[in-house]
Amino acid sequence: MRERLTAAFIVLSVVLLLGAGLVRTYVLQDLIREQVAGQLSQQADLVAAIIGDREAAGGAVDEDFLQPLVGPQDRLQYDAGGAEVVVTGKDYQGEDDDGDGDIAATATVDGAGRVTVSQSSSVIRDVIGRDIGSITALFVLIAVAAGMAGFLIATALSAPFQKLAVAAAALGRGRFDLDLPKTRIPEASSIANALRSSALALEDRVHRERAFAEHTSHVLRTPLTGIRLELEDLSLRDDLPEDAQETVKRCLAKVEEVSAVAAELVEITRRGSLVVGAEVPLSDLSTQLAQRWADRLAARNRALTAAAEGDLTLTYTPGPVEHATDLLLADVVRRGTGAVRIVFNAETEGHLRVTVLCAGRTPESELGGETVDRMSQVRAVVEALGGRVTGEHPADGIEVLLPRR
């Protein structure tokens with residue numbers, strides 16, 4: 001987007017310059033024509049006065065006399081009583097011998113004579129053409145300046161949209177803590193508000209589904225357990241007829257079936273996909289997260305070792321895992337020292353266990369006055385997803401257990 005905006009800014013600037021240049025050239029042609037016509041008029045008056053003095057002295061007005069009076073790019077024509085004398089300068093480039101297309105000025109000589117001094121219209125093109133090089137250089141300079149200005153403006157305009165693209169990708173991975181831009185661009189602000197609303201709605205859905213699963217488990221299993229216990233007590237009585245005991249056994253079997261179905265429904269609700277199509281295998285997810293941790297820790301000259309265990313083909317929604325591990329990483333960077341070990345373990349039930357351990361502790365005197373409790377944030381995020389956190393300090397080891405979704 002930034003490159004296209006920059007190119008559009010340069011093209012627009014060049015087009016505007018070309019339009020202004022064409023208008024300026026048209027106006028300049030008229031100005032040059034008027035200036036040349038004024039000079040020719042003065043020259044015609046001067047030649048007419050010289051010819052008048054020549055005739056008054058009785059001298060002949062011929063080509064030899066007029067030749068010194070004509071300029072290098074001029075055409076001089078003298079008409080006197082039907083006789084016509086024409087002389088041209090050595091650089092004259094008239095389009096025809098009659099000089100019909102020239103810029104001309106006429107003056108009357110005392111008596112019946114008339115002097116016409118003209119120049120070819122190509123003089124105007126020559127004057128304008130002398131500045132082609134400087135104009136081209138100016139256009140190049142302006143294009144470079146426009147490109148630099150366009151790049152800066154395009155960067156400022158595209159930055160919010162690039163940040164929105166990153167936030168949209170994070171939401172597509174199931175992450176709710178979106179880093180949205182604060183901008184005055186109405187379109188970007190509208191998109192940011194839409195993404196924020198979508199993130200809040202998706203997070204609320206996750207919380208409601210977790211609450212539903214817990215409530216359903218309690219509501220269904222508690223009375224079923226009570227019924228099973230009552231039936232078991234009833235089946236132990238000796239005074240029941242044989243057919244009644246058989247009925248009690250069948251009821252116990254049906255209660256067990258209903259209990260199994262309830263457990264299966266709760267498990268389906270818990271293991272459903274958070275964002276359809278966003279799941280990635282543990283092998284890819286662990287590699288991405290380990291690389292992120294390695295880059296962050298390498299900037300502080302700290303080593304990282306990582307491992308992935310269990311079924312690496314199991315898929316997980318990356319957003320929640322990224323969110324939890326990012327908060328853990330911030331805590332490890334702040335409160336831990338030395339080498340770091342992180343292990344991703346896909347357990348047989350499908351849960352993901354993340355274990356983090358670092359070599360040492362940051363002295364309390366170096367922690368400063370930061371009041372943000374990263375571990376509380378980790379617990380809040382993980383528990384909202386139906387998981388749990390074990391451990392208090394990365395030097396002692398921290399374990400995060402997340403559901404497969």
# chains A, B, ... in the order shown; residues from 1 in each chain; ligands from 1
$ residues_around --residues "range 151-158 of chain A" --least-positions-apart "3" --cutoff "12 Å" --atoms "only C-alpha atoms" --output "PyMOL selection string"
chain A and resi 1-10+143-148+161-165+181+183-188
$ residues_around --residues "Leu327 in chain A" --least-positions-apart "6" --cutoff "8 Å" --atoms "only C-alpha atoms" --output "PyMOL selection string"
chain A and resi 374-375+377-378
$ write_last_selection --atoms "C-alpha atoms" --output "PDB file, in the first residue's frame"
ATOM      1  CA  ARG A 374       2.360 -10.700  34.779  1.00  0.00           C
ATOM      2  CA  MET A 375       1.517 -13.951  36.528  1.00  0.00           C
ATOM      3  CA  GLN A 377      -2.488 -11.729  33.881  1.00  0.00           C
ATOM      4  CA  VAL A 378      -1.361 -15.205  32.785  1.00  0.00           C
TER       5      VAL A 378
END
$ atom_distance --atom1 "CA of Val261 in chain A" --atom2 "CA of Val321 in chain A"
29.6 Å
$ atom_distance --atom1 "CA of Glu246 in chain A" --atom2 "CA of Asp233 in chain A"
13.8 Å
$ atom_distance --atom1 "CA of Asp331 in chain A" --atom2 "CA of Glu364 in chain A"
13.7 Å
